[in-house]
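Engineer: Sharing query_9.txt, compact mmCIF, C-alpha atoms and all ligand atoms:
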```txt
# COMPACT_ATOMS: atom_id res chain seq x y z
CA MET A 864 -8.69 216.83 -240.35
CA THR A 865 -7.61 220.05 -238.63
CA GLU A 866 -9.26 223.24 -239.84
CA LEU A 867 -7.34 226.52 -239.55
CA VAL A 868 -9.57 229.54 -238.91
CA ARG A 869 -8.36 233.13 -238.76
CA THR A 870 -11.48 235.21 -238.14
CA ARG A 871 -14.25 235.38 -235.54
CA GLU A 872 -16.77 234.75 -238.31
CA ASP A 873 -15.12 231.50 -239.41
CA LEU A 874 -14.63 230.50 -235.79
CA ALA A 875 -18.35 230.96 -235.14
CA LYS A 876 -19.16 228.74 -238.16
CA ALA A 877 -16.72 226.03 -237.04
CA ARG A 878 -18.10 226.23 -233.49
CA ALA A 879 -21.70 225.94 -234.70
CA ALA A 880 -20.81 222.72 -236.55
CA MET A 881 -19.65 221.05 -233.30
CA THR A 882 -22.35 218.87 -231.81
CA GLY A 883 -20.68 217.28 -228.76
CA SER A 884 -18.53 218.61 -225.93
CA LEU A 885 -15.64 220.99 -226.65
CA GLY A 886 -12.20 221.18 -225.00
CA VAL A 887 -10.13 224.32 -225.65
CA VAL A 888 -6.35 224.59 -225.26
CA MET A 889 -5.02 228.17 -225.37
CA THR A 890 -1.43 228.73 -226.46
CA MET A 891 0.96 231.32 -227.82
CA GLY A 892 2.22 228.83 -230.43
CA ALA A 893 5.82 227.54 -230.79
CA LEU A 894 4.25 224.28 -229.73
CA HIS A 895 6.23 221.52 -228.01
CA ALA A 896 5.53 218.19 -226.31
CA GLY A 897 4.07 220.00 -223.27
CA HIS A 898 1.37 221.55 -225.45
CA GLU A 899 0.86 218.22 -227.22
CA THR A 900 0.11 216.59 -223.85
CA LEU A 901 -2.58 219.22 -223.24
CA LEU A 902 -4.07 218.52 -226.68
CA ARG A 903 -4.09 214.76 -226.10
CA ALA A 904 -5.71 215.23 -222.66
CA ALA A 905 -8.37 217.39 -224.34
CA ARG A 906 -8.87 214.71 -227.01
CA GLU A 907 -9.51 212.12 -224.26
CA GLN A 908 -11.94 214.30 -222.32
CA ALA A 909 -14.00 216.03 -225.03
CA ASP A 910 -15.68 215.20 -228.35
CA HIS A 911 -14.02 218.16 -230.10
CA VAL A 912 -10.69 219.89 -229.54
CA LEU A 913 -9.98 223.52 -230.43
CA VAL A 914 -6.54 225.09 -230.07
CA THR A 915 -5.96 228.84 -229.99
CA ILE A 916 -2.64 230.26 -231.13
CA PHE A 917 -2.19 233.93 -230.34
CA VAL A 918 0.81 235.86 -229.02
CA ASN A 919 -1.17 238.24 -226.84
CA PRO A 920 0.43 241.70 -226.83
CA LEU A 921 -1.58 242.68 -223.75
CA GLN A 922 0.42 240.41 -221.44
CA PHE A 923 3.90 241.55 -222.51
CA GLY A 924 5.70 244.42 -220.79
CA PRO A 925 7.41 247.12 -222.91
CA ASN A 926 10.86 245.52 -222.43
CA GLU A 927 9.75 241.92 -222.83
CA ASP A 928 10.09 239.53 -225.78
CA PHE A 929 6.83 240.16 -227.72
CA ASP A 930 8.67 240.94 -230.97
CA ARG A 931 11.11 238.05 -230.81
CA TYR A 932 8.62 235.47 -229.42
CA PRO A 933 8.87 232.47 -231.82
CA ARG A 934 6.11 232.25 -234.43
CA THR A 935 6.06 228.82 -236.08
CA LEU A 936 2.54 228.33 -237.44
CA ALA A 937 3.35 225.63 -240.03
CA GLU A 938 5.07 223.40 -237.44
CA ASP A 939 2.34 224.16 -234.90
CA LEU A 940 -0.36 223.03 -237.33
CA ALA A 941 1.50 219.74 -237.90
CA ILE A 942 1.53 219.11 -234.12
CA CYS A 943 -2.17 220.01 -233.82
CA ARG A 944 -2.97 217.60 -236.66
CA ARG A 945 -0.92 214.81 -235.07
CA ALA A 946 -2.66 215.32 -231.72
CA GLY A 947 -6.11 215.21 -233.36
CA ALA A 948 -7.23 218.83 -232.94
CA ASP A 949 -10.39 219.65 -234.93
CA VAL A 950 -9.88 223.40 -235.19
CA VAL A 951 -7.00 225.85 -234.75
CA PHE A 952 -8.01 229.46 -234.18
CA ALA A 953 -5.04 231.73 -235.01
CA PRO A 954 -6.37 235.29 -235.14
CA SER A 955 -4.44 238.43 -235.99
CA ARG A 956 -4.01 241.16 -233.40
CA GLU A 957 -6.69 243.23 -235.17
CA GLU A 958 -9.11 240.30 -235.11
CA MET A 959 -8.68 239.88 -231.34
CA TYR A 960 -8.57 243.58 -230.50
CA PRO A 961 -10.53 245.29 -233.31
CA GLU A 962 -10.78 248.54 -231.35
CA GLY A 963 -7.14 248.54 -230.24
CA GLN A 964 -6.24 248.10 -226.58
CA PRO A 965 -9.37 247.14 -224.63
CA ARG A 966 -10.28 249.78 -222.06
CA VAL A 967 -11.91 247.23 -219.77
CA ARG A 968 -9.65 244.43 -218.46
CA VAL A 969 -10.09 241.60 -216.00
CA ASP A 970 -8.63 242.52 -212.60
CA PRO A 971 -6.78 239.49 -211.21
CA GLY A 972 -6.97 240.79 -207.62
CA PRO A 973 -4.13 240.61 -205.06
CA LEU A 974 -2.70 237.30 -206.33
CA GLY A 975 -2.17 238.96 -209.70
CA GLU A 976 0.28 241.42 -208.12
CA ASP A 977 2.42 238.73 -206.49
CA LEU A 978 5.18 236.43 -207.88
CA GLU A 979 4.87 236.62 -211.70
CA GLY A 980 2.72 239.74 -211.31
CA GLN A 981 5.39 241.46 -209.27
CA SER A 982 8.09 240.78 -211.87
CA ARG A 983 5.76 241.35 -214.82
CA PRO A 984 3.41 244.24 -213.90
CA GLY A 985 0.09 243.98 -215.76
CA PHE A 986 0.85 240.45 -216.92
CA PHE A 987 -2.20 238.76 -215.38
CA HIS A 988 -4.56 241.58 -216.41
CA GLY A 989 -3.46 240.78 -219.97
CA VAL A 990 -3.64 237.01 -219.52
CA LEU A 991 -7.07 236.90 -217.87
CA THR A 992 -8.52 239.42 -220.33
CA VAL A 993 -7.49 237.35 -223.36
CA VAL A 994 -8.47 234.07 -221.66
CA LEU A 995 -11.95 235.44 -220.92
CA LYS A 996 -12.28 236.75 -224.50
CA LEU A 997 -11.23 233.38 -225.92
CA LEU A 998 -13.68 231.58 -223.60
CA GLN A 999 -16.49 233.87 -224.83
CA LEU A 1000 -15.56 233.29 -228.47
CA THR A 1001 -15.22 229.49 -228.19
CA ARG A 1002 -17.69 228.61 -225.38
CA PRO A 1003 -15.97 225.36 -224.37
CA ASP A 1004 -17.13 222.78 -221.84
CA LEU A 1005 -13.59 222.43 -220.56
CA THR A 1006 -10.34 224.31 -220.96
CA LEU A 1007 -6.93 222.86 -220.18
CA PHE A 1008 -3.95 224.70 -218.70
CA GLY A 1009 -0.48 223.44 -217.79
CA GLU A 1010 0.75 223.33 -214.19
CA LYS A 1011 4.05 224.73 -215.52
CA ASP A 1012 2.37 228.15 -215.38
CA TYR A 1013 0.93 227.41 -211.94
CA GLN A 1014 -0.08 230.93 -210.94
CA GLN A 1015 -1.82 231.36 -214.30
CA LEU A 1016 -3.74 228.09 -213.81
CA THR A 1017 -4.69 229.16 -210.27
CA LEU A 1018 -5.94 232.56 -211.45
CA VAL A 1019 -7.91 231.11 -214.38
CA ARG A 1020 -9.63 228.73 -211.92
CA ARG A 1021 -10.29 231.67 -209.57
CA MET A 1022 -11.69 233.78 -212.43
CA ALA A 1023 -14.04 230.97 -213.52
CA ARG A 1024 -15.33 230.64 -209.93
CA ASP A 1025 -15.50 234.32 -209.02
CA LEU A 1026 -17.02 235.51 -212.32
CA ASP A 1027 -19.30 232.47 -212.87
CA VAL A 1028 -17.70 231.50 -216.17
CA PRO A 1029 -19.41 228.23 -217.17
CA VAL A 1030 -16.32 226.15 -217.96
CA ARG A 1031 -14.41 223.34 -216.24
CA VAL A 1032 -10.74 224.31 -215.83
CA VAL A 1033 -8.45 221.27 -216.02
CA GLY A 1034 -4.82 221.38 -214.83
CA VAL A 1035 -2.26 219.19 -216.63
CA PRO A 1036 1.05 218.14 -214.97
CA THR A 1037 4.27 219.66 -216.27
CA VAL A 1038 6.07 217.78 -219.06
CA ARG A 1039 9.85 217.73 -218.60
CA GLU A 1040 12.98 216.85 -220.52
CA PRO A 1041 14.67 213.66 -219.25
CA ASP A 1042 17.13 215.80 -217.21
CA GLY A 1043 14.30 217.65 -215.46
CA LEU A 1044 14.04 220.92 -217.42
CA ALA A 1045 10.39 221.91 -217.84
CA LEU A 1046 9.48 222.20 -221.53
CA SER A 1047 8.85 225.81 -222.48
CA SER A 1048 8.67 227.69 -225.76
CA ARG A 1049 11.29 230.07 -224.38
CA ASN A 1050 13.81 227.19 -223.98
CA ARG A 1051 14.64 227.71 -227.64
CA TYR A 1052 16.31 231.02 -226.72
CA LEU A 1053 18.94 229.16 -224.62
CA SER A 1054 22.55 228.65 -225.74
CA PRO A 1055 24.14 225.27 -224.79
CA ASP A 1056 25.72 226.81 -221.65
CA GLU A 1057 22.46 228.51 -220.70
CA ARG A 1058 20.64 225.21 -221.21
CA LYS A 1059 22.93 223.68 -218.52
CA ALA A 1060 22.41 226.67 -216.18
CA ALA A 1061 18.62 226.35 -216.65
CA LEU A 1062 18.75 223.04 -214.77
CA SER A 1063 19.18 225.08 -211.56
CA LEU A 1064 15.41 225.61 -211.48
CA SER A 1065 14.35 221.95 -211.52
CA ALA A 1066 17.30 221.01 -209.27
CA ALA A 1067 16.04 223.48 -206.64
CA LEU A 1068 12.54 222.01 -206.81
CA ARG A 1069 13.85 218.45 -206.58
CA ALA A 1070 16.00 219.27 -203.55
CA GLY A 1071 13.03 220.96 -201.85
CA ALA A 1072 10.73 218.01 -202.52
CA GLU A 1073 13.35 215.55 -201.24
CA ALA A 1074 13.87 217.59 -198.05
CA ALA A 1075 10.11 217.62 -197.47
CA ASP A 1076 9.96 213.85 -198.01
CA ARG A 1077 12.66 213.45 -195.34
CA GLY A 1078 10.38 215.31 -192.90
CA HIS A 1079 12.18 218.69 -192.87
CA ASP A 1080 10.17 221.79 -192.01
CA ALA A 1081 9.33 224.68 -194.38
CA GLY A 1082 12.45 226.70 -193.50
CA GLU A 1083 14.77 223.75 -194.12
CA VAL A 1084 12.99 222.86 -197.35
CA LEU A 1085 13.49 226.39 -198.69
CA ALA A 1086 17.12 226.49 -197.53
CA GLY A 1087 17.81 223.15 -199.29
CA ALA A 1088 16.16 224.42 -202.47
CA HIS A 1089 18.27 227.62 -202.37
CA ARG A 1090 21.48 225.59 -201.88
CA ALA A 1091 20.65 223.33 -204.85
CA PHE A 1092 19.84 226.36 -207.03
CA GLY A 1093 23.23 227.90 -206.19
CA ALA A 1094 25.09 224.62 -206.75
CA GLY A 1095 24.01 224.40 -210.40
CA ALA A 1096 26.08 225.43 -213.43
CA PRO A 1097 26.79 229.19 -213.21
CA GLY A 1098 24.58 231.58 -215.15
CA ALA A 1099 21.15 231.39 -213.53
CA ARG A 1100 20.02 234.46 -211.54
CA LEU A 1101 17.20 233.87 -209.09
CA ASP A 1102 14.11 236.05 -209.28
CA TYR A 1103 12.06 234.23 -206.60
CA LEU A 1104 11.95 230.87 -204.87
CA VAL A 1105 8.94 230.55 -202.59
CA LEU A 1106 7.01 227.95 -200.69
CA THR A 1107 3.25 228.56 -200.53
CA ASP A 1108 -0.09 227.00 -199.93
CA PRO A 1109 -1.37 225.02 -203.01
CA ASP A 1110 -3.93 227.77 -203.78
CA LEU A 1111 -1.18 230.43 -203.49
CA GLU A 1112 -3.01 231.96 -200.53
CA PRO A 1113 -0.79 233.88 -198.09
CA GLY A 1114 -0.08 232.48 -194.63
CA PRO A 1115 1.93 229.70 -192.96
CA VAL A 1116 2.30 226.47 -194.92
CA SER A 1117 1.97 222.89 -193.74
CA GLY A 1118 0.85 219.64 -195.36
CA PRO A 1119 0.33 219.99 -199.15
CA ALA A 1120 2.32 222.94 -200.52
CA ARG A 1121 3.79 224.36 -203.72
CA LEU A 1122 7.37 225.36 -204.34
CA LEU A 1123 7.70 227.95 -207.13
CA VAL A 1124 10.79 229.31 -208.80
CA ALA A 1125 11.56 231.96 -211.42
CA ALA A 1126 15.03 232.80 -212.72
CA TRP A 1127 16.86 234.61 -215.47
CA VAL A 1128 19.25 232.60 -217.60
CA GLY A 1129 21.01 235.16 -219.77
CA ASN A 1130 18.17 237.21 -221.28
CA THR A 1131 15.63 234.43 -220.86
CA ARG A 1132 13.23 234.31 -217.94
CA LEU A 1133 12.09 230.81 -216.96
CA ILE A 1134 9.62 229.54 -214.36
CA ASP A 1135 8.92 226.16 -212.78
CA ASN A 1136 7.15 224.70 -209.75
CA ALA A 1137 6.42 221.45 -207.96
CA ALA A 1138 3.93 220.03 -205.50
CA ILE A 1139 5.52 219.12 -202.19
CA ARG A 1140 4.16 217.65 -198.98
CA LEU A 1141 5.34 219.10 -195.68
CA ALA A 1142 4.71 217.31 -192.41
CA PRO A 1143 1.44 218.61 -190.90
CA ARG A 1144 2.01 221.08 -188.06
CA SER A 1145 1.65 219.31 -184.69
N1 LIG B 1201 6.09 221.77 -220.02
C1 LIG B 1201 4.78 221.94 -220.01
N2 LIG B 1201 3.98 220.99 -219.49
C2 LIG B 1201 2.63 221.16 -219.45
N3 LIG B 1201 1.99 222.25 -219.94
C3 LIG B 1201 2.74 223.22 -220.47
C4 LIG B 1201 4.17 223.12 -220.55
N4 LIG B 1201 4.64 224.23 -221.13
C5 LIG B 1201 3.57 225.00 -221.41
N5 LIG B 1201 2.43 224.41 -221.02
C6 LIG B 1201 1.08 224.95 -221.08
O1 LIG B 1201 0.71 225.26 -222.41
C7 LIG B 1201 -0.21 226.35 -222.40
C8 LIG B 1201 0.27 227.39 -223.37
O2 LIG B 1201 1.49 227.92 -222.89
P1 LIG B 1201 2.49 228.77 -223.73
O3 LIG B 1201 2.06 228.76 -225.15
O4 LIG B 1201 2.78 230.04 -223.04
O5 LIG B 1201 3.79 227.84 -223.69
P2 LIG B 1201 5.06 227.96 -222.82
O6 LIG B 1201 5.97 226.85 -223.18
O7 LIG B 1201 4.62 228.12 -221.38
O8 LIG B 1201 5.67 229.29 -223.35
P3 LIG B 1201 6.65 230.28 -222.64
O9 LIG B 1201 7.99 229.69 -222.80
O10 LIG B 1201 6.39 231.47 -223.45
O11 LIG B 1201 6.21 230.48 -221.22
C9 LIG B 1201 -0.26 226.87 -220.96
O12 LIG B 1201 -1.42 226.32 -220.33
C10 LIG B 1201 1.01 226.30 -220.38
O13 LIG B 1201 0.95 226.13 -218.97
C1 LIG B 1202 -3.04 231.43 -221.59
C2 LIG B 1202 -2.29 232.19 -222.68
C3 LIG B 1202 -2.49 231.49 -224.03
C4 LIG B 1202 -2.93 233.58 -222.78
O1 LIG B 1202 -2.29 234.34 -223.75
C5 LIG B 1202 -0.79 232.33 -222.34
O2 LIG B 1202 -0.61 233.05 -221.17
C6 LIG B 1202 -0.09 231.00 -222.31
O3 LIG B 1202 0.25 230.54 -223.41
O4 LIG B 1202 0.11 230.40 -221.23
N1 LIG B 1203 3.58 230.90 -220.59
C1 LIG B 1203 2.79 231.97 -220.10
C2 LIG B 1203 2.74 233.13 -221.03
C3 LIG B 1203 3.86 234.09 -220.92
O1 LIG B 1203 4.89 233.80 -220.29
O2 LIG B 1203 3.74 235.18 -221.47
```
Please, can you express the file's structure as structure tokens?
Ligand SMILES: Nc1ncnc2c1ncn2[C@@H]1O[C@H](COP(=O)(O)OP(=O)(O)OP(=O)(O)O)[C@@H](O)[C@H]1O
Ligand SMILES: CC(C)(CO)[C@@H](O)C(=O)[O-]
Ligand code: BAL
Structural biologist:
Amino acid sequence: MTELVRTREDLAKARAAMTGSLGVVMTMGALHAGHETLLRAAREQADHVLVTIFVNPLQFGPNEDFDRYPRTLAEDLAICRRAGADVVFAPSREEMYPEGQPRVRVDPGPLGEDLEGQSRPGFFHGVLTVVLKLLQLTRPDLTLFGEKDYQQLTLVRRMARDLDVPVRVVGVPTVREPDGLALSSRNRYLSPDERKAALSLSAALRAGAEAADRGHDAGEVLAGAHRAFGAGAPGARLDYLVLTDPDLEPGPVSGPARLLVAAWVGNTRLIDNAAIRLAPRS
């Protein structure tokens, strides 16, 4: 049985009733098979599974999609039930932020200003603040995040290490459609033509990974990824396409690396990334 709780008080009661280990999956709802994979991974690794569903206003910019973000609680609960979640915590804005906007926020440091942080100022302050609040409220043994949001996963890991948060952060590989598109709640904004154009992101990553496998260097890998992005159906506008170290640290890249892409398709902003292996520098 999956219990829906709406308040901190009921959450505390549900938490107190859990005797074994707890895995927490944080989401903004509009759940899809990517989220379900996180829930099933939690089910395998912990005695209890708790899902949070909260569209966090703190991480949306003034011109972003907070108001139109899909809210589908009934369908989400059915997915949580199917995946064997014990508890769903779906608080209201007032329940999460009873005193309004918090004056103290988690500072994500320099990585928080780069990539997603550059395009979405304040985004990671909002994400890490709500993640830390949810960790305090649920006190899990492990928490699972998707690699689809790779910079977010990296920063949550960094926060747990740097601020001594006693939780194991588990990364889960990206779940894709058969044609390569990464599953994302925002995919439901796409028209049929935009859905075709959205394939430019995964095509760029695939081309980059293939170039790396053929032994090409970082410059050639990036150039191949750019060409593949441009060769896709028209309609995708690149925000960034970068090749970095797997921890997103600045500096030259060789050996294991990460290729990350963000693009606009119509009014929808999508992100994706892939692990790639460059030849070690000789
Ligand atoms: N395709 C996917 N594969 C694996 N994990 C995913 C996938 N999509 C989302 N997740 C993970 O699910 C968690 C909750 O993400 P969120 O609710 O924002 O979904 P989303 O699909 O990323 O939404 P959005 O389209 O708004 O970015 C995050 O840890 C995210 O990385
Ligand atoms: C981690 C998260 C639930 C925080 O609001 C959100 O950024 C998301 O869904 O990835
Ligand atoms: N999927 C990460 C949350 C966001 O884009 O707002």
Engineer: Considering only C-alpha atoms and all ligand atoms, can you say which of A:Lys996, A:His1089, A:Arg1144, A:Arg1132 comes closest to ligand LIG 1202 (chain B)?
Structural biologist: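 Closest candidate: A:Lys996.
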Engineer: Can you work out which one of A:Arg945, A:Arg1121, A:Arg869, A:Arg1069 has the shortest atom-to-atom distance to Phe917 (chain A), counting all atoms listed in the file?
Structural biologist: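 Counting all atoms listed in the file, the residue closest to Phe917 (chain A) is A:Arg869.
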Engineer: Figure out the distance between CA of Val951 (chain A) and CA of Arg871 (chain A), please, to one decimal in Å.
Structural biologist: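 Between CA of Arg871 (chain A) and CA of Val951 (chain A) the gap works out to 12.0 Å.
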Engineer: Leaving out region 893-895 of chain A and any residue of its chain fewer than 3 positions from it, which residues lie within 12 Å of it when counting all atoms listed in the file, given as a ChimeraX atom specification?
Structural biologist: /A:888-890,898-902,914-918,931-943,946,1038-1040,1045-1052
Engineer: Using all atoms listed in the file, which protein or nucleic acid residues are at most 9 Å from ligand LIG 1202 (chain B), as a list in words?
Structural biologist: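 Selection of residues at most 9 Å from ligand LIG 1202 (chain B): Val888, Met889, Thr890, Met891, Gly892, Thr915, Ile916, Phe917, Val918, Asn919, Pro920, Leu921, Gln922, Phe986, Phe987, Gly989, Val990, Leu991, Thr992, Val993, Val994, Leu997, Phe1008, Gly1009, Lys1011, Asp1012, Gln1015, Leu1016 and Val1019 of chain A.
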Engineer: What does the file look like for those residues with C-alpha atoms, as an mmCIF file, in the frame of the given file?
Structural biologist:
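Just written: selection-v4.cif:
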```
data_model
loop_
_atom_site.group_PDB
_atom_site.id
_atom_site.type_symbol
_atom_site.label_atom_id
_atom_site.label_comp_id
_atom_site.auth_asym_id
_atom_site.auth_seq_id
_atom_site.Cartn_x
_atom_site.Cartn_y
_atom_site.Cartn_z
ATOM 1 C CA VAL A 888 -6.350 224.590 -225.260
ATOM 2 C CA MET A 889 -5.020 228.170 -225.370
ATOM 3 C CA THR A 890 -1.430 228.730 -226.460
ATOM 4 C CA MET A 891 0.960 231.320 -227.820
ATOM 5 C CA GLY A 892 2.220 228.830 -230.430
ATOM 6 C CA THR A 915 -5.960 228.840 -229.990
ATOM 7 C CA ILE A 916 -2.640 230.260 -231.130
ATOM 8 C CA PHE A 917 -2.190 233.930 -230.340
ATOM 9 C CA VAL A 918 0.810 235.860 -229.020
ATOM 10 C CA ASN A 919 -1.170 238.240 -226.840
ATOM 11 C CA PRO A 920 0.430 241.700 -226.830
ATOM 12 C CA LEU A 921 -1.580 242.680 -223.750
ATOM 13 C CA GLN A 922 0.420 240.410 -221.440
ATOM 14 C CA PHE A 986 0.850 240.450 -216.920
ATOM 15 C CA PHE A 987 -2.200 238.760 -215.380
ATOM 16 C CA GLY A 989 -3.460 240.780 -219.970
ATOM 17 C CA VAL A 990 -3.640 237.010 -219.520
ATOM 18 C CA LEU A 991 -7.070 236.900 -217.870
ATOM 19 C CA THR A 992 -8.520 239.420 -220.330
ATOM 20 C CA VAL A 993 -7.490 237.350 -223.360
ATOM 21 C CA VAL A 994 -8.470 234.070 -221.660
ATOM 22 C CA LEU A 997 -11.230 233.380 -225.920
ATOM 23 C CA PHE A 1008 -3.950 224.700 -218.700
ATOM 24 C CA GLY A 1009 -0.480 223.440 -217.790
ATOM 25 C CA LYS A 1011 4.050 224.730 -215.520
ATOM 26 C CA ASP A 1012 2.370 228.150 -215.380
ATOM 27 C CA GLN A 1015 -1.820 231.360 -214.300
ATOM 28 C CA LEU A 1016 -3.740 228.090 -213.810
ATOM 29 C CA VAL A 1019 -7.910 231.110 -214.380
#
```
Engineer: Identify which of the residues A:Glu962, A:Glu1010, A:Asp873, A:Asp1042 lies closest to ligand LIG 1203 (chain B), counting only C-alpha atoms and all ligand atoms when measuring atom-to-atom distances.
Structural biologist: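 Smallest distance to ligand LIG 1203 (chain B) is found for A:Glu1010.
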Engineer: How many Å lie between CA of Ala1091 (chain A) and atom O9 of ligand LIG 1201 (chain B), rounded to one decimal?
Structural biologist: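 Computing the Euclidean distance for CA of Ala1091 (chain A) and atom O9 of ligand LIG 1201 (chain B) yields 22.9 Å.
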Engineer: Can you tell me, as JSON, numbers by chain, which residues sit within 12 Å of (-10.9, 212.5, -224.1) in the file's frame, using only C-alpha atoms?
Structural biologist: {"A": [883, 884, 885, 886, 887, 900, 901, 902, 903, 904, 905, 906, 907, 908, 909, 910, 911, 912, 946, 947, 948, 1005, 1007]}
Engineer: Interatomic distance between atom C9 of ligand LIG 1201 (chain B) and CA of Thr1037 (chain A)?
Structural biologist: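 Here the two named atoms are 9.7 Å from each other.
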Engineer: In terms of the shortest atom-to-atom distance over all atoms listed in the file, which of A:Pro984, A:Asp1004, A:Gly1071, A:Gly972 is closest to Met1022 (chain A)?
Structural biologist: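 Among the listed residues, A:Gly972 lies closest to Met1022 (chain A).
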Engineer: If you count all atoms listed in the file, which residues fall within 12 Å of Glu1073 (chain A), apart from same-chain ones fewer than 2 positions away, as a short mmCIF file (atom, residue, chain, number, x, y, z; two decimals) with C-alpha atoms, in the frame of the given file?
Structural biologist:
```
data_model
loop_
_atom_site.label_atom_id
_atom_site.label_comp_id
_atom_site.auth_asym_id
_atom_site.auth_seq_id
_atom_site.Cartn_x
_atom_site.Cartn_y
_atom_site.Cartn_z
CA ALA A 1066 17.30 221.01 -209.27
CA ALA A 1067 16.04 223.48 -206.64
CA LEU A 1068 12.54 222.01 -206.81
CA ARG A 1069 13.85 218.45 -206.58
CA ALA A 1070 16.00 219.27 -203.55
CA GLY A 1071 13.03 220.96 -201.85
CA ALA A 1075 10.11 217.62 -197.47
CA ASP A 1076 9.96 213.85 -198.01
CA ARG A 1077 12.66 213.45 -195.34
CA GLY A 1078 10.38 215.31 -192.90
CA HIS A 1079 12.18 218.69 -192.87
CA ASP A 1080 10.17 221.79 -192.01
CA GLU A 1083 14.77 223.75 -194.12
CA VAL A 1084 12.99 222.86 -197.35
CA LEU A 1085 13.49 226.39 -198.69
CA GLY A 1087 17.81 223.15 -199.29
CA ALA A 1088 16.16 224.42 -202.47
CA ALA A 1091 20.65 223.33 -204.85
CA LEU A 1122 7.37 225.36 -204.34
CA ALA A 1137 6.42 221.45 -207.96
CA ALA A 1138 3.93 220.03 -205.50
CA ILE A 1139 5.52 219.12 -202.19
CA ARG A 1140 4.16 217.65 -198.98
CA LEU A 1141 5.34 219.10 -195.68
#
```
Engineer: Using all atoms listed in the file, which residue out of A:Gly897, A:Gly1129, A:Pro1109, A:Pro973 lies closest to ligand LIG 1203 (chain B)?
Structural biologist: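 Of the candidates, the smallest distance to ligand LIG 1203 (chain B) is held by A:Gly897.
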Engineer: Nearest residue to ligand LIG 1203 (chain B) out of A:Val967, A:Asp1025, A:Met881, A:Ser982, using all atoms listed in the file?
Structural biologist: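 Once distances to ligand LIG 1203 (chain B) are computed over all atoms listed in the file, the minimum belongs to A:Ser982.
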Engineer: Work out where the centre of an axis-aligned box around every listed atom of ligand LIG 1201 (chain B) lies and how long its edges are once 6 Å is added on each side; give both in Å to one decimal as lines of an AutoDock Vina configuration file.
Structural biologist:
```
center_x = 3.3
center_y = 226.2
center_z = -222.1
size_x = 21.4
size_y = 22.5
size_z = 18.2
```
Engineer: In the coordinates of the file, take the point (20.5, 224.3, -217.6) and a cut-off of 10 Å; then, counting all atoms listed in the file, name each qualifying protein, DNA or RNA residue as a ChimeraX atom specification.
Structural biologist: /A:1042-1044,1050,1053-1066,1095-1099,1128
